[in-house]
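Structure file run_30.cif (mmCIF, C-alpha atoms and all ligand atoms) is printed below.
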data_run
loop_
_atom_site.label_atom_id
_atom_site.label_comp_id
_atom_site.auth_asym_id
_atom_site.auth_seq_id
_atom_site.Cartn_x
_atom_site.Cartn_y
_atom_site.Cartn_z
CA MET A 11 34.41 -3.23 -44.76
CA ASN A 12 34.71 -5.35 -47.88
CA ILE A 13 31.73 -3.59 -49.47
CA VAL A 14 33.54 -0.24 -49.21
CA TYR A 15 36.43 -1.68 -51.24
CA ILE A 16 34.06 -3.22 -53.79
CA ILE A 17 32.34 0.16 -54.30
CA GLY A 18 35.79 1.78 -54.45
CA PHE A 19 36.88 -0.58 -57.21
CA PHE A 20 33.58 0.01 -59.05
CA ILE A 21 34.21 3.78 -59.06
CA LEU A 22 37.85 3.22 -60.06
CA GLY A 23 36.56 1.08 -62.96
CA LEU A 24 34.14 3.84 -64.06
CA VAL A 25 36.99 6.36 -64.21
CA PHE A 26 39.39 3.95 -65.94
CA GLY A 27 36.65 2.91 -68.38
CA SER A 28 36.23 6.53 -69.40
CA PHE A 29 40.01 6.95 -69.77
CA PHE A 30 40.47 3.69 -71.75
CA GLN A 31 37.82 4.80 -74.18
CA VAL A 32 39.56 8.10 -74.89
CA VAL A 33 42.91 6.28 -75.36
CA ALA A 34 41.34 3.56 -77.55
CA LEU A 35 39.53 5.97 -79.87
CA ARG A 36 42.50 8.35 -80.20
CA LEU A 37 44.81 5.41 -81.05
CA VAL A 38 42.59 3.98 -83.79
CA LYS A 39 42.06 7.45 -85.27
CA GLY A 40 45.84 7.99 -85.28
CA GLU A 41 45.58 10.97 -82.92
CA SER A 42 48.02 11.76 -80.12
CA ILE A 43 47.14 10.34 -76.70
CA LEU A 44 48.87 13.26 -74.94
CA ARG A 45 47.58 16.21 -77.01
CA PRO A 46 45.17 17.73 -76.44
CA LYS A 47 45.32 16.93 -72.74
CA TYR A 48 41.61 17.67 -72.32
CA SER A 49 38.62 15.69 -73.63
CA TYR A 50 36.44 17.20 -76.31
CA CYS A 51 33.14 16.55 -78.06
CA PRO A 52 33.84 14.56 -81.25
CA SER A 53 31.18 16.60 -83.13
CA CYS A 54 31.82 20.23 -82.21
CA HIS A 55 35.31 19.80 -80.64
CA HIS A 56 34.20 21.89 -77.66
CA ARG A 57 36.41 21.31 -74.63
CA LEU A 58 34.47 19.34 -72.00
CA GLY A 59 34.09 20.90 -68.53
CA ALA A 60 34.28 19.06 -65.21
CA SER A 61 30.51 18.46 -65.10
CA GLU A 62 30.67 16.75 -68.50
CA LEU A 63 33.42 14.34 -67.49
CA ILE A 64 31.64 12.39 -64.73
CA PRO A 65 31.36 8.77 -65.93
CA VAL A 66 27.76 7.61 -66.65
CA PHE A 67 26.17 10.53 -64.73
CA SER A 68 27.15 13.21 -67.25
CA TYR A 69 25.49 11.11 -69.95
CA LEU A 70 22.30 10.80 -67.85
CA PHE A 71 22.18 14.48 -66.79
CA GLN A 72 22.68 15.67 -70.39
CA LYS A 73 20.10 13.12 -71.63
CA GLY A 74 22.68 11.59 -73.98
CA ARG A 75 23.45 14.82 -75.85
CA CYS A 76 26.40 17.24 -76.05
CA LYS A 77 25.77 20.34 -73.89
CA HIS A 78 26.95 22.66 -76.64
CA CYS A 79 25.99 21.27 -80.05
CA LYS A 80 23.17 18.96 -78.80
CA GLN A 81 24.59 16.16 -80.96
CA LYS A 82 23.74 12.68 -79.65
CA ILE A 83 26.52 11.00 -77.62
CA SER A 84 27.09 7.32 -78.42
CA LEU A 85 25.53 4.94 -75.90
CA MET A 86 28.85 3.10 -76.07
CA TYR A 87 30.44 5.63 -73.63
CA PRO A 88 28.26 4.98 -70.54
CA PHE A 89 28.03 1.27 -71.46
CA VAL A 90 31.82 0.81 -71.51
CA GLU A 91 32.22 2.86 -68.29
CA LEU A 92 29.64 0.70 -66.49
CA LEU A 93 31.15 -2.51 -67.87
CA THR A 94 34.64 -1.51 -66.66
CA GLY A 95 33.20 -0.55 -63.24
CA LEU A 96 31.47 -3.93 -62.92
CA LEU A 97 34.55 -5.87 -64.09
CA PHE A 98 36.81 -4.05 -61.59
CA ALA A 99 34.31 -4.63 -58.73
CA VAL A 100 33.89 -8.35 -59.54
CA SER A 101 37.69 -8.69 -59.88
CA PHE A 102 38.23 -7.34 -56.37
CA TYR A 103 35.34 -9.41 -55.00
CA SER A 104 36.86 -12.60 -56.50
CA PHE A 105 40.56 -12.05 -55.80
CA GLY A 106 40.94 -9.47 -52.98
CA PHE A 107 44.27 -7.70 -52.53
CA THR A 108 46.50 -10.26 -54.29
CA LEU A 109 48.86 -10.34 -57.27
CA ASP A 110 46.13 -12.31 -59.06
CA LEU A 111 43.94 -9.19 -58.79
CA LEU A 112 46.57 -7.19 -60.66
CA LEU A 113 46.62 -9.83 -63.42
CA VAL A 114 42.83 -9.77 -63.75
CA LEU A 115 42.65 -5.96 -63.74
CA ILE A 116 45.23 -5.78 -66.58
CA LEU A 117 43.27 -8.37 -68.61
CA CYS A 118 39.91 -6.64 -67.96
CA SER A 119 41.42 -3.32 -69.07
CA TYR A 120 42.79 -4.96 -72.23
CA PHE A 121 39.36 -6.50 -72.91
CA VAL A 122 37.59 -3.14 -72.61
CA ILE A 123 40.03 -1.39 -74.99
CA VAL A 124 39.87 -4.27 -77.52
CA LEU A 125 36.07 -4.21 -77.30
CA VAL A 126 36.01 -0.50 -78.22
CA THR A 127 38.60 -0.61 -81.02
CA ASP A 128 37.73 -3.99 -82.53
CA LEU A 129 33.95 -3.44 -82.56
CA SER A 130 34.13 0.08 -83.96
CA TYR A 131 37.17 -0.11 -86.28
CA MET A 132 38.10 -3.85 -86.53
CA ILE A 133 41.56 -2.99 -85.22
CA ILE A 134 43.49 -3.98 -82.11
CA PRO A 135 46.18 -1.27 -81.80
CA ASP A 136 49.70 -2.73 -81.46
CA GLU A 137 50.56 -0.07 -78.87
CA VAL A 138 47.93 -1.53 -76.53
CA THR A 139 48.89 -5.20 -77.05
CA ILE A 140 52.61 -4.41 -76.60
CA THR A 141 52.00 -2.40 -73.40
CA VAL A 142 49.77 -5.14 -71.96
CA SER A 143 52.30 -7.84 -72.98
CA ILE A 144 55.20 -6.09 -71.22
CA LEU A 145 53.17 -5.48 -68.02
CA LEU A 146 51.93 -9.08 -68.02
CA VAL A 147 55.36 -10.69 -68.58
CA ILE A 148 56.87 -8.62 -65.71
CA LEU A 149 53.93 -9.51 -63.46
CA GLN A 150 54.22 -13.24 -64.25
CA PHE A 151 57.92 -13.23 -63.26
CA VAL A 152 56.98 -11.50 -59.98
CA ARG A 153 53.99 -13.83 -59.34
CA LEU A 154 55.52 -17.16 -60.37
CA GLY A 155 59.26 -16.69 -59.92
CA PHE A 156 61.92 -16.99 -62.62
CA TRP A 157 61.06 -20.45 -64.01
CA GLY A 158 57.30 -19.93 -63.74
CA GLY A 159 57.62 -16.63 -65.55
CA LEU A 160 59.81 -18.20 -68.23
CA ILE A 161 57.22 -20.97 -68.82
CA GLN A 162 54.45 -18.36 -69.26
CA LEU A 163 56.64 -16.38 -71.68
CA ALA A 164 57.30 -19.57 -73.70
CA SER A 165 53.56 -20.33 -73.57
CA GLY A 166 52.82 -16.88 -75.04
CA ILE A 167 55.32 -17.40 -77.87
CA GLY A 168 53.94 -20.91 -78.53
CA LEU A 169 50.35 -19.64 -78.74
CA PHE A 170 51.42 -16.82 -81.04
CA ILE A 171 53.03 -19.36 -83.41
CA LEU A 172 50.02 -21.72 -83.17
CA MET A 173 47.62 -18.88 -84.03
CA TYR A 174 49.85 -17.83 -86.94
CA LEU A 175 49.77 -21.40 -88.33
CA LEU A 176 45.97 -21.49 -87.88
CA MET A 177 45.77 -18.27 -89.92
CA LEU A 178 47.86 -19.79 -92.74
CA LEU A 179 45.61 -22.89 -92.70
CA GLY A 180 42.45 -20.75 -92.66
CA ASN A 181 43.69 -18.61 -95.57
CA ARG A 182 44.38 -21.81 -97.59
CA LEU A 183 40.94 -23.31 -96.80
CA PHE A 184 38.76 -20.22 -97.25
CA HIS A 185 40.90 -18.39 -99.85
CA GLN A 186 40.55 -15.18 -97.86
CA GLU A 187 41.92 -13.55 -94.74
CA SER A 188 40.64 -15.73 -91.89
CA LEU A 189 42.32 -14.22 -88.84
CA GLY A 190 43.55 -10.68 -88.30
CA GLY A 191 47.11 -9.86 -87.23
CA GLY A 192 45.65 -8.30 -84.08
CA ASP A 193 44.08 -11.62 -83.04
CA ILE A 194 47.40 -13.44 -83.47
CA LYS A 195 49.23 -10.92 -81.26
CA LEU A 196 46.34 -11.06 -78.78
CA MET A 197 46.94 -14.81 -78.34
CA PHE A 198 50.45 -14.00 -77.07
CA VAL A 199 48.78 -12.13 -74.19
CA VAL A 200 46.43 -15.10 -73.56
CA GLY A 201 49.39 -17.53 -73.59
CA VAL A 202 51.34 -15.42 -71.09
CA ALA A 203 48.28 -15.11 -68.83
CA VAL A 204 47.30 -18.78 -68.41
CA HIS A 205 48.59 -22.37 -68.79
CA PRO A 206 49.16 -23.20 -72.50
CA VAL A 207 46.50 -25.95 -72.40
CA LEU A 208 43.98 -23.45 -71.03
CA ALA A 209 45.03 -20.94 -73.68
CA ILE A 210 44.10 -23.50 -76.36
CA CYS A 211 40.74 -23.89 -74.55
CA VAL A 212 40.36 -20.11 -74.89
CA ILE A 213 40.56 -20.41 -78.71
CA PHE A 214 37.90 -23.14 -78.54
CA LEU A 215 35.67 -21.18 -76.12
CA GLY A 216 36.02 -17.96 -78.13
CA SER A 217 35.00 -19.82 -81.30
CA CYS A 218 31.99 -21.40 -79.54
CA ILE A 219 30.76 -17.96 -78.42
CA ALA A 220 31.49 -16.29 -81.77
CA LEU A 221 29.90 -19.01 -83.96
CA PRO A 222 26.19 -18.51 -83.06
CA ILE A 223 26.58 -14.73 -83.38
CA SER A 224 28.28 -15.10 -86.78
CA LEU A 225 25.44 -17.38 -87.91
CA ILE A 226 22.82 -14.79 -86.86
CA PHE A 227 24.69 -12.17 -88.91
CA TYR A 228 24.95 -14.63 -91.82
CA PHE A 229 21.21 -15.36 -91.86
CA MET A 230 20.40 -11.67 -91.50
CA LYS A 231 22.55 -11.35 -94.64
CA SER A 232 24.52 -8.64 -92.91
CA GLU A 233 27.75 -7.59 -94.60
CA ASN A 234 29.33 -7.00 -91.20
CA VAL A 235 32.37 -9.05 -90.34
CA ILE A 236 32.55 -10.03 -86.68
CA PRO A 237 35.80 -9.27 -84.89
CA PHE A 238 37.22 -12.32 -83.10
CA GLY A 239 39.42 -10.58 -80.49
CA PRO A 240 36.71 -9.66 -77.95
CA PHE A 241 35.35 -13.25 -78.02
CA LEU A 242 38.80 -14.69 -77.26
CA LEU A 243 39.10 -12.37 -74.28
CA VAL A 244 35.58 -13.22 -73.06
CA GLY A 245 36.67 -16.89 -73.13
CA LEU A 246 39.85 -16.02 -71.19
CA LEU A 247 38.04 -13.95 -68.54
CA PHE A 248 35.42 -16.71 -68.23
CA LEU A 249 38.14 -19.25 -67.28
CA ILE A 250 39.91 -16.80 -64.96
CA PHE A 251 36.80 -15.70 -63.04
CA LEU A 252 35.76 -19.35 -62.64
CA LYS A 253 39.30 -19.89 -61.28
CA VAL A 254 39.93 -22.76 -63.68
CA ASP A 255 43.60 -23.78 -63.49
CA PHE A 256 45.39 -26.65 -65.20
CA ASN A 257 44.71 -29.13 -62.36
CA SER A 258 40.99 -28.37 -62.08
CA PHE A 259 40.81 -28.64 -65.87
CA LEU A 260 42.35 -32.16 -65.70
CA ASP A 261 39.87 -33.09 -62.94
CA PHE A 262 37.06 -31.88 -65.20
CA LEU A 263 38.34 -34.06 -68.09
CA ARG A 264 38.55 -37.11 -65.76
CA TYR A 265 35.01 -36.39 -64.60
CA LEU A 266 33.80 -36.37 -68.24
CA SER A 267 35.54 -39.67 -69.07
ZN ZN B 1 29.34 18.94 -79.19
#
Starting from the file, lay out its structure as structure tokens.
Amino acid sequence: MNIVYIIGFFILGLVFGSFFQVVALRLVKGESILRPKYSYCPSCHHRLGASELIPVFSYLFQKGRCKHCKQKISLMYPFVELLTGLLFAVSFYSFGFTLDLLLVLILCSYFVIVLVTDLSYMIIPDEVTITVSILLVILQFVRLGFWGGLIQLASGIGLFILMYLLMLLGNRLFHQESLGGGDIKLMFVVGVAVHPVLAICVIFLGSCIALPISLIFYFMKSENVIPFGPFLLVGLLFLIFLKVDFNSFLDFLRYLS
């Protein structure tokens, strides 16, 4: 029976992935999320019919082109839909019907939206971070009780301040903008989600993943700046899917020493 649920969550992820992408792109372009209510082709603005709105399959059936103007559709659309489907399926597989599942689904959704906006426009929209923050704080109070929730809220504020100080230090050292405002606000979400010590590990992990990729770009003499936000969230999801908590992290440190 479990497999039925996993497939269900995969399909749910495909649909949500498609929806997140529309929301993400409209937000960064400064368009309304509510109007128009329908989806349209970004090239010819033709309203998309039901057969053009099926995640992944529409892209395959139309061979990656708009039905009307034959303009190429970005490969990002089916990729993000598949990624969201996989993340939702793995989330259910790992956590089942628990409050932890809700936490992971919120973080996976945030990751997908940040991936779309930060990679394409180097922006993490405040609307998204604020919505995710509110949902997460409420969920932590429900999951962990009053004091547990309060500790996570304090952890979020602490991480936000730490990241802000890191930005000031970075700006001094490199004489240019080192961290974006979006990354600083994103660390509030990370702090609320996990133990503060693990949240600091997330900064370290995110940097470790981002560094080799930045070096490749540097040696290719590419002018592109790499957004940091998605790497931080990859680090966070890595810890959460491996079910690393504060105690297992301490055990790991003892094992190393
Ligand atoms: Zn078109």
Can you pull out every residue within 10 Å of range 141-158 of chain A, counting all atoms listed in the file, but drop anything in the same chain fewer than 2 positions away, and send it as a PyMOL selection string?
-> chain A and resi 108-110+112-113+116-117+119-120+136-139+160-164+166+195-196+198-200+202-204
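Proximity to ligand ZN 1 (chain B) was assessed for A:Tyr131, A:Phe98, A:Tyr50, A:Phe214 counting all atoms listed in the file; the smallest distance is recorded for A:Tyr50.
Shortest atom-to-atom contact with Ser258 in chain A among A:Val66, A:Leu93, A:Ile167, A:Val207: A:Val207, counting only C-alpha atoms.
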Of the candidates A:Ile236, A:Leu247, A:Met197, A:Cys79, which shows the shortest atom-to-atom distance to ligand ZN 1 (chain B), using only C-alpha atoms and all ligand atoms?
->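 Looking only at the distances to ligand ZN 1 (chain B), the closest residue turns out to be A:Cys79.
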Residues at most 6 Å from ligand ZN 1 (chain B), using all atoms listed in the file? Could they come as JSON, numbers by chain?
-> {"A": [51, 53, 54, 56, 76, 78, 79, 81]}
Write out the residues from the selection above, keeping C-alpha atoms, as an mmCIF file, in the coordinates of the input.
data_model
loop_
_atom_site.group_PDB
_atom_site.id
_atom_site.type_symbol
_atom_site.label_atom_id
_atom_site.label_comp_id
_atom_site.auth_asym_id
_atom_site.auth_seq_id
_atom_site.Cartn_x
_atom_site.Cartn_y
_atom_site.Cartn_z
ATOM 1 C CA CYS A 51 33.140 16.550 -78.060
ATOM 2 C CA SER A 53 31.180 16.600 -83.130
ATOM 3 C CA CYS A 54 31.820 20.230 -82.210
ATOM 4 C CA HIS A 56 34.200 21.890 -77.660
ATOM 5 C CA CYS A 76 26.400 17.240 -76.050
ATOM 6 C CA HIS A 78 26.950 22.660 -76.640
ATOM 7 C CA CYS A 79 25.990 21.270 -80.050
ATOM 8 C CA GLN A 81 24.590 16.160 -80.960
#
Work out how far CA of Leu58 in chain A is from CA of Lys73 in chain A, in Å to one decimal.
-> 15.7 Å
